[in-house]
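Input: a single structure, listed below in structure tokens.
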Amino acid sequence: RPAAPTTAYRPFGDTATRAGALERARKALVATGAEIAFGLEGGVELDGPRVWLLSWVAAVDPAGRQGYASGLRMLLPPSLAAGLSAGEELGTLVDRLFGVTDSKTASGAIGLLTAGAVSRTDAFADLVAMSLAPWIHPDHYR
């Protein structure tokens, strides 16, 4: 199993991807003053010859309550493994693979690999809703 890269690209694995989502949510909370802020983060997992796309959502409020959701995983083309192991960013590799520019701000890997059948927005929508469970049922999350 290749070691996770030590370059600036993150996140690799569930723990780092979840932490990235929380960091994004905290920054959004400060920037917006929202009642609840969300952080959406995609990451990768190298599993032998397989490369997985991971997705996490974190929700936070000013009182410090947190909610999380994950579950979307997608097998990525094996040709991306070498570049990811070398520290290249997934978006750059996907752009090169499909001959596009800045896919991560548009359809992303999900949209390109599913030929638009699933958009990045669609892929994260259920996770955003699921991350709200601690606010929907606060008595169960004490």
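Please note that chains go A, B, ... in the order of the structure tokens, that every chain numbers its residues from 1, and that ligands are numbered from 1 in the order shown.
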Please identify all polymer residues within 9 Å of region 118-125 of chain A, counting only C-alpha atoms, omitting same-chain residues fewer than 2 positions from it, and present them as a PDB file with all heavy atoms, in the first residue's frame.
```pdb
ATOM      1  N   LEU A  40     -17.868  21.032   3.328  1.00  0.00           N
ATOM      2  CA  LEU A  40     -17.906  19.861   2.454  1.00  0.00           C
ATOM      3  C   LEU A  40     -16.481  19.574   2.014  1.00  0.00           C
ATOM      4  O   LEU A  40     -15.760  20.488   1.601  1.00  0.00           O
ATOM      5  CB  LEU A  40     -18.770  20.125   1.227  1.00  0.00           C
ATOM      6  CG  LEU A  40     -20.287  20.159   1.419  1.00  0.00           C
ATOM      7  CD1 LEU A  40     -20.738  21.272   2.330  1.00  0.00           C
ATOM      8  CD2 LEU A  40     -20.978  20.252   0.091  1.00  0.00           C
ATOM      9  N   SER A  55     -16.169  11.362   0.619  1.00  0.00           N
ATOM     10  CA  SER A  55     -16.890  12.610   0.823  1.00  0.00           C
ATOM     11  C   SER A  55     -17.331  12.719   2.280  1.00  0.00           C
ATOM     12  O   SER A  55     -17.876  11.764   2.836  1.00  0.00           O
ATOM     13  CB  SER A  55     -18.134  12.669  -0.067  1.00  0.00           C
ATOM     14  OG  SER A  55     -17.784  12.533  -1.419  1.00  0.00           O
ATOM     15  N   TRP A  56     -17.101  13.889   2.876  1.00  0.00           N
ATOM     16  CA  TRP A  56     -17.527  14.173   4.246  1.00  0.00           C
ATOM     17  C   TRP A  56     -18.177  15.540   4.294  1.00  0.00           C
ATOM     18  O   TRP A  56     -17.777  16.462   3.577  1.00  0.00           O
ATOM     19  CB  TRP A  56     -16.333  14.183   5.207  1.00  0.00           C
ATOM     20  CG  TRP A  56     -15.979  12.827   5.723  1.00  0.00           C
ATOM     21  CD1 TRP A  56     -15.079  11.954   5.190  1.00  0.00           C
ATOM     22  CD2 TRP A  56     -16.523  12.199   6.880  1.00  0.00           C
ATOM     23  NE1 TRP A  56     -15.033  10.812   5.944  1.00  0.00           N
ATOM     24  CE2 TRP A  56     -15.911  10.936   6.987  1.00  0.00           C
ATOM     25  CE3 TRP A  56     -17.468  12.573   7.832  1.00  0.00           C
ATOM     26  CZ2 TRP A  56     -16.208  10.048   8.016  1.00  0.00           C
ATOM     27  CZ3 TRP A  56     -17.769  11.689   8.856  1.00  0.00           C
ATOM     28  CH2 TRP A  56     -17.139  10.430   8.940  1.00  0.00           C
ATOM     29  N   VAL A  57     -19.162  15.675   5.171  1.00  0.00           N
ATOM     30  CA  VAL A  57     -19.782  16.964   5.482  1.00  0.00           C
ATOM     31  C   VAL A  57     -19.745  17.135   6.991  1.00  0.00           C
ATOM     32  O   VAL A  57     -20.039  16.199   7.740  1.00  0.00           O
ATOM     33  CB  VAL A  57     -21.250  17.032   4.990  1.00  0.00           C
ATOM     34  CG1 VAL A  57     -21.939  18.286   5.512  1.00  0.00           C
ATOM     35  CG2 VAL A  57     -21.299  17.000   3.472  1.00  0.00           C
ATOM     36  N   LEU A  72     -20.512   8.634   0.751  1.00  0.00           N
ATOM     37  CA  LEU A  72     -20.319   8.581  -0.694  1.00  0.00           C
ATOM     38  C   LEU A  72     -18.888   8.153  -0.985  1.00  0.00           C
ATOM     39  O   LEU A  72     -17.935   8.818  -0.614  1.00  0.00           O
ATOM     40  CB  LEU A  72     -20.574   9.944  -1.323  1.00  0.00           C
ATOM     41  CG  LEU A  72     -21.999  10.451  -1.230  1.00  0.00           C
ATOM     42  CD1 LEU A  72     -22.070  11.857  -1.784  1.00  0.00           C
ATOM     43  CD2 LEU A  72     -22.922   9.533  -2.000  1.00  0.00           C
ATOM     44  N   ALA A 106     -16.458  22.951 -11.118  1.00  0.00           N
ATOM     45  CA  ALA A 106     -17.646  22.677 -11.942  1.00  0.00           C
ATOM     46  C   ALA A 106     -18.203  21.313 -11.547  1.00  0.00           C
ATOM     47  O   ALA A 106     -18.590  21.109 -10.416  1.00  0.00           O
ATOM     48  CB  ALA A 106     -17.282  22.746 -13.418  1.00  0.00           C
ATOM     49  N   SER A 107     -18.183  20.378 -12.454  1.00  0.00           N
ATOM     50  CA  SER A 107     -18.793  19.070 -12.207  1.00  0.00           C
ATOM     51  C   SER A 107     -17.944  18.158 -11.332  1.00  0.00           C
ATOM     52  O   SER A 107     -18.454  17.217 -10.738  1.00  0.00           O
ATOM     53  CB  SER A 107     -19.084  18.376 -13.534  1.00  0.00           C
ATOM     54  OG  SER A 107     -17.876  18.177 -14.250  1.00  0.00           O
ATOM     55  N   GLY A 108     -16.645  18.435 -11.268  1.00  0.00           N
ATOM     56  CA  GLY A 108     -15.759  17.609 -10.462  1.00  0.00           C
ATOM     57  C   GLY A 108     -15.607  16.204 -11.012  1.00  0.00           C
ATOM     58  O   GLY A 108     -16.154  15.848 -12.055  1.00  0.00           O
ATOM     59  N   ALA A 109     -14.842  15.402 -10.280  1.00  0.00           N
ATOM     60  CA  ALA A 109     -14.610  14.021 -10.688  1.00  0.00           C
ATOM     61  C   ALA A 109     -15.918  13.249 -10.777  1.00  0.00           C
ATOM     62  O   ALA A 109     -16.130  12.467 -11.703  1.00  0.00           O
ATOM     63  CB  ALA A 109     -13.656  13.334  -9.712  1.00  0.00           C
ATOM     64  N   ILE A 110     -16.823  13.492  -9.826  1.00  0.00           N
ATOM     65  CA  ILE A 110     -18.099  12.770  -9.810  1.00  0.00           C
ATOM     66  C   ILE A 110     -18.874  13.017 -11.093  1.00  0.00           C
ATOM     67  O   ILE A 110     -19.338  12.090 -11.745  1.00  0.00           O
ATOM     68  CB  ILE A 110     -18.941  13.188  -8.585  1.00  0.00           C
ATOM     69  CG1 ILE A 110     -18.265  12.735  -7.289  1.00  0.00           C
ATOM     70  CG2 ILE A 110     -20.355  12.626  -8.672  1.00  0.00           C
ATOM     71  CD1 ILE A 110     -18.869  13.329  -6.034  1.00  0.00           C
ATOM     72  N   GLY A 111     -19.035  14.273 -11.462  1.00  0.00           N
ATOM     73  CA  GLY A 111     -19.790  14.614 -12.658  1.00  0.00           C
ATOM     74  C   GLY A 111     -19.153  14.086 -13.923  1.00  0.00           C
ATOM     75  O   GLY A 111     -19.831  13.555 -14.807  1.00  0.00           O
ATOM     76  N   LEU A 112     -17.830  14.220 -14.009  1.00  0.00           N
ATOM     77  CA  LEU A 112     -17.139  13.746 -15.208  1.00  0.00           C
ATOM     78  C   LEU A 112     -17.184  12.223 -15.326  1.00  0.00           C
ATOM     79  O   LEU A 112     -17.434  11.683 -16.399  1.00  0.00           O
ATOM     80  CB  LEU A 112     -15.693  14.241 -15.215  1.00  0.00           C
ATOM     81  CG  LEU A 112     -15.525  15.745 -15.468  1.00  0.00           C
ATOM     82  CD1 LEU A 112     -14.101  16.174 -15.165  1.00  0.00           C
ATOM     83  CD2 LEU A 112     -15.908  16.089 -16.891  1.00  0.00           C
ATOM     84  N   LEU A 113     -16.944  11.534 -14.230  1.00  0.00           N
ATOM     85  CA  LEU A 113     -16.897  10.073 -14.280  1.00  0.00           C
ATOM     86  C   LEU A 113     -18.269   9.437 -14.460  1.00  0.00           C
ATOM     87  O   LEU A 113     -18.367   8.295 -14.930  1.00  0.00           O
ATOM     88  CB  LEU A 113     -16.211   9.520 -13.035  1.00  0.00           C
ATOM     89  CG  LEU A 113     -14.707   9.782 -12.985  1.00  0.00           C
ATOM     90  CD1 LEU A 113     -14.155   9.512 -11.595  1.00  0.00           C
ATOM     91  CD2 LEU A 113     -13.982   8.955 -14.033  1.00  0.00           C
ATOM     92  N   THR A 114     -19.333  10.156 -14.120  1.00  0.00           N
ATOM     93  CA  THR A 114     -20.687   9.617 -14.321  1.00  0.00           C
ATOM     94  C   THR A 114     -21.362  10.238 -15.539  1.00  0.00           C
ATOM     95  O   THR A 114     -22.559  10.038 -15.749  1.00  0.00           O
ATOM     96  CB  THR A 114     -21.578   9.847 -13.087  1.00  0.00           C
ATOM     97  OG1 THR A 114     -21.773  11.261 -12.898  1.00  0.00           O
ATOM     98  CG2 THR A 114     -20.998   9.197 -11.846  1.00  0.00           C
ATOM     99  N   ALA A 115     -20.587  10.977 -16.343  1.00  0.00           N
ATOM    100  CA  ALA A 115     -21.120  11.656 -17.537  1.00  0.00           C
ATOM    101  C   ALA A 115     -22.326  12.518 -17.186  1.00  0.00           C
ATOM    102  O   ALA A 115     -23.296  12.580 -17.915  1.00  0.00           O
ATOM    103  CB  ALA A 115     -21.457  10.655 -18.632  1.00  0.00           C
ATOM    104  N   GLY A 116     -22.252  13.146 -16.012  1.00  0.00           N
ATOM    105  CA  GLY A 116     -23.303  14.053 -15.594  1.00  0.00           C
ATOM    106  C   GLY A 116     -24.506  13.402 -14.943  1.00  0.00           C
ATOM    107  O   GLY A 116     -25.436  14.090 -14.539  1.00  0.00           O
ATOM    108  N   LEU A 127     -25.838  14.228   2.209  1.00  0.00           N
ATOM    109  CA  LEU A 127     -24.910  14.301   3.335  1.00  0.00           C
ATOM    110  C   LEU A 127     -25.125  15.576   4.144  1.00  0.00           C
ATOM    111  O   LEU A 127     -25.031  15.563   5.375  1.00  0.00           O
ATOM    112  CB  LEU A 127     -23.468  14.222   2.844  1.00  0.00           C
ATOM    113  CG  LEU A 127     -23.067  12.907   2.168  1.00  0.00           C
ATOM    114  CD1 LEU A 127     -21.603  12.949   1.745  1.00  0.00           C
ATOM    115  CD2 LEU A 127     -23.336  11.723   3.066  1.00  0.00           C
ATOM    116  N   VAL A 128     -25.411  16.691   3.465  1.00  0.00           N
ATOM    117  CA  VAL A 128     -25.705  17.939   4.183  1.00  0.00           C
ATOM    118  C   VAL A 128     -26.923  17.723   5.072  1.00  0.00           C
ATOM    119  O   VAL A 128     -26.906  18.067   6.256  1.00  0.00           O
ATOM    120  CB  VAL A 128     -25.914  19.107   3.197  1.00  0.00           C
ATOM    121  CG1 VAL A 128     -26.497  20.322   3.903  1.00  0.00           C
ATOM    122  CG2 VAL A 128     -24.586  19.475   2.530  1.00  0.00           C
ATOM    123  N   ALA A 129     -27.978  17.150   4.521  1.00  0.00           N
ATOM    124  CA  ALA A 129     -29.185  16.898   5.307  1.00  0.00           C
ATOM    125  C   ALA A 129     -28.898  15.956   6.475  1.00  0.00           C
ATOM    126  O   ALA A 129     -29.358  16.189   7.604  1.00  0.00           O
ATOM    127  CB  ALA A 129     -30.282  16.331   4.412  1.00  0.00           C
ATOM    128  N   MET A 130     -28.122  14.910   6.235  1.00  0.00           N
ATOM    129  CA  MET A 130     -27.806  13.942   7.288  1.00  0.00           C
ATOM    130  C   MET A 130     -26.980  14.559   8.406  1.00  0.00           C
ATOM    131  O   MET A 130     -27.126  14.187   9.573  1.00  0.00           O
ATOM    132  CB  MET A 130     -27.083  12.744   6.674  1.00  0.00           C
ATOM    133  CG  MET A 130     -27.976  11.900   5.785  1.00  0.00           C
ATOM    134  SD  MET A 130     -27.077  10.759   4.698  1.00  0.00           S
ATOM    135  CE  MET A 130     -26.147   9.789   5.853  1.00  0.00           C
TER     136      MET A 130
END
```
task: Apply DSSP to the structure's backbone, then extract all residues of chain A labelled strand (DSSP E or B) and return them as an MDAnalysis selection string.
output: chainID A and resid 12 37:47 50:60 66:76
Take the residues that were just selected and, keeping C-alpha atoms, output them as an mmCIF file, in the first residue's frame.
```cif
data_model
loop_
_atom_site.group_PDB
_atom_site.id
_atom_site.type_symbol
_atom_site.label_atom_id
_atom_site.label_comp_id
_atom_site.auth_asym_id
_atom_site.auth_seq_id
_atom_site.Cartn_x
_atom_site.Cartn_y
_atom_site.Cartn_z
ATOM 1 C CA PHE A 12 -5.884 11.374 2.356
ATOM 2 C CA ALA A 37 -22.393 26.401 8.843
ATOM 3 C CA PHE A 38 -21.333 23.511 6.665
ATOM 4 C CA GLY A 39 -18.020 22.236 5.398
ATOM 5 C CA LEU A 40 -17.906 19.861 2.454
ATOM 6 C CA GLU A 41 -14.699 17.975 1.766
ATOM 7 C CA GLY A 42 -13.656 15.362 -0.727
ATOM 8 C CA GLY A 43 -10.641 13.183 -0.182
ATOM 9 C CA VAL A 44 -9.021 10.053 -1.492
ATOM 10 C CA GLU A 45 -8.016 6.691 -0.124
ATOM 11 C CA LEU A 46 -5.350 4.519 -1.704
ATOM 12 C CA ASP A 47 -6.212 0.867 -1.195
ATOM 13 C CA ARG A 50 -7.710 0.882 -5.948
ATOM 14 C CA VAL A 51 -8.248 4.607 -5.492
ATOM 15 C CA TRP A 52 -11.414 5.735 -3.725
ATOM 16 C CA LEU A 53 -13.049 9.148 -3.722
ATOM 17 C CA LEU A 54 -14.363 9.981 -0.222
ATOM 18 C CA SER A 55 -16.890 12.610 0.823
ATOM 19 C CA TRP A 56 -17.527 14.173 4.246
ATOM 20 C CA VAL A 57 -19.782 16.964 5.482
ATOM 21 C CA ALA A 58 -19.437 18.703 8.846
ATOM 22 C CA ALA A 59 -21.986 21.076 10.347
ATOM 23 C CA VAL A 60 -21.231 23.429 13.262
ATOM 24 C CA GLN A 66 -21.250 19.432 15.514
ATOM 25 C CA GLY A 67 -22.855 17.046 13.071
ATOM 26 C CA TYR A 68 -21.224 14.832 10.478
ATOM 27 C CA ALA A 69 -22.153 12.666 7.543
ATOM 28 C CA SER A 70 -20.217 10.560 5.082
ATOM 29 C CA GLY A 71 -20.798 7.590 2.910
ATOM 30 C CA LEU A 72 -20.319 8.581 -0.694
ATOM 31 C CA ARG A 73 -17.447 6.532 -2.030
ATOM 32 C CA MET A 74 -16.572 6.064 -5.627
ATOM 33 C CA LEU A 75 -13.891 3.989 -7.282
ATOM 34 C CA LEU A 76 -11.590 6.283 -9.237
#
```
List the neighbours of Leu80 (chain A) out to 9 Å using only C-alpha atoms; skip same-chain residues closer than 4 positions along the sequence, and give me the result as a PDB file with N, CA and C atoms, in the first residue's frame.
```pdb
ATOM      1  N   VAL A  51      -8.229   3.223  -5.983  1.00  0.00           N
ATOM      2  CA  VAL A  51      -8.248   4.607  -5.492  1.00  0.00           C
ATOM      3  C   VAL A  51      -9.712   4.969  -5.288  1.00  0.00           C
ATOM      4  N   LEU A  76     -12.197   5.404  -8.236  1.00  0.00           N
ATOM      5  CA  LEU A  76     -11.590   6.283  -9.237  1.00  0.00           C
ATOM      6  C   LEU A  76     -10.731   5.454 -10.191  1.00  0.00           C
ATOM      7  N   LEU A  84      -1.525  10.762  -7.379  1.00  0.00           N
ATOM      8  CA  LEU A  84      -1.935  11.051  -6.008  1.00  0.00           C
ATOM      9  C   LEU A  84      -0.827  10.684  -5.027  1.00  0.00           C
ATOM     10  N   SER A  85      -0.183   9.538  -5.250  1.00  0.00           N
ATOM     11  CA  SER A  85       0.920   9.124  -4.383  1.00  0.00           C
ATOM     12  C   SER A  85       2.084  10.095  -4.450  1.00  0.00           C
ATOM     13  N   LEU A  90      -6.073  15.896  -6.826  1.00  0.00           N
ATOM     14  CA  LEU A  90      -7.040  15.126  -7.602  1.00  0.00           C
ATOM     15  C   LEU A  90      -7.616  15.948  -8.744  1.00  0.00           C
ATOM     16  N   LEU A  93      -5.329  16.064 -11.704  1.00  0.00           N
ATOM     17  CA  LEU A  93      -5.265  14.771 -12.377  1.00  0.00           C
ATOM     18  C   LEU A  93      -6.532  14.502 -13.191  1.00  0.00           C
ATOM     19  N   VAL A  94      -7.682  14.851 -12.637  1.00  0.00           N
ATOM     20  CA  VAL A  94      -8.948  14.646 -13.349  1.00  0.00           C
ATOM     21  C   VAL A  94      -9.009  15.561 -14.569  1.00  0.00           C
ATOM     22  N   LEU A  97      -6.910  13.952 -17.180  1.00  0.00           N
ATOM     23  CA  LEU A  97      -7.536  12.732 -17.667  1.00  0.00           C
ATOM     24  C   LEU A  97      -8.646  13.030 -18.687  1.00  0.00           C
TER      25      LEU A  97
END
```
message: DSSP on the backbone: which residues in chain A end up as helix (DSSP H, G or I)? Give the answer as an MDAnalysis selection string.
response: chainID A and resid 13:32 78:85 90:98 103:105 108:113 120:131 133:136 138:141
field: CA of Gly48 (chain A) to CA of Ala81 (chain A), distance in Å rounded to a single decimal
entry: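 Straight-line distance from CA of Gly48 (chain A) to CA of Ala81 (chain A) works out to 9.2 Å.
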message: Just want the 10 Å neighbourhood of Thr92 (chain A), counted on only C-alpha atoms, with same-chain residues fewer than 4 positions away dropped. Output as a list in words.
response: Gly83, Leu84, Glu88, Arg96, Leu97, Val100, Thr101, Asp102, Ser103 and Lys104 of chain A
Keeping only C-alpha atoms, write the selected residues to a file as a PDB file, in the first residue's frame.
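result_22.pdb written:
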```pdb
ATOM      1  CA  GLY A  83      -0.119  11.029  -9.350  1.00  0.00           C
ATOM      2  CA  LEU A  84      -1.935  11.051  -6.008  1.00  0.00           C
ATOM      3  CA  GLU A  88      -0.613  15.818  -7.145  1.00  0.00           C
ATOM      4  CA  ARG A  96      -5.631  16.009 -17.355  1.00  0.00           C
ATOM      5  CA  LEU A  97      -7.536  12.732 -17.667  1.00  0.00           C
ATOM      6  CA  VAL A 100     -10.671  19.964 -19.209  1.00  0.00           C
ATOM      7  CA  THR A 101      -9.738  22.926 -17.036  1.00  0.00           C
ATOM      8  CA  ASP A 102     -10.698  23.534 -13.403  1.00  0.00           C
ATOM      9  CA  SER A 103     -13.204  20.686 -13.142  1.00  0.00           C
ATOM     10  CA  LYS A 104     -13.174  20.936  -9.352  1.00  0.00           C
TER      11      LYS A 104
END
```
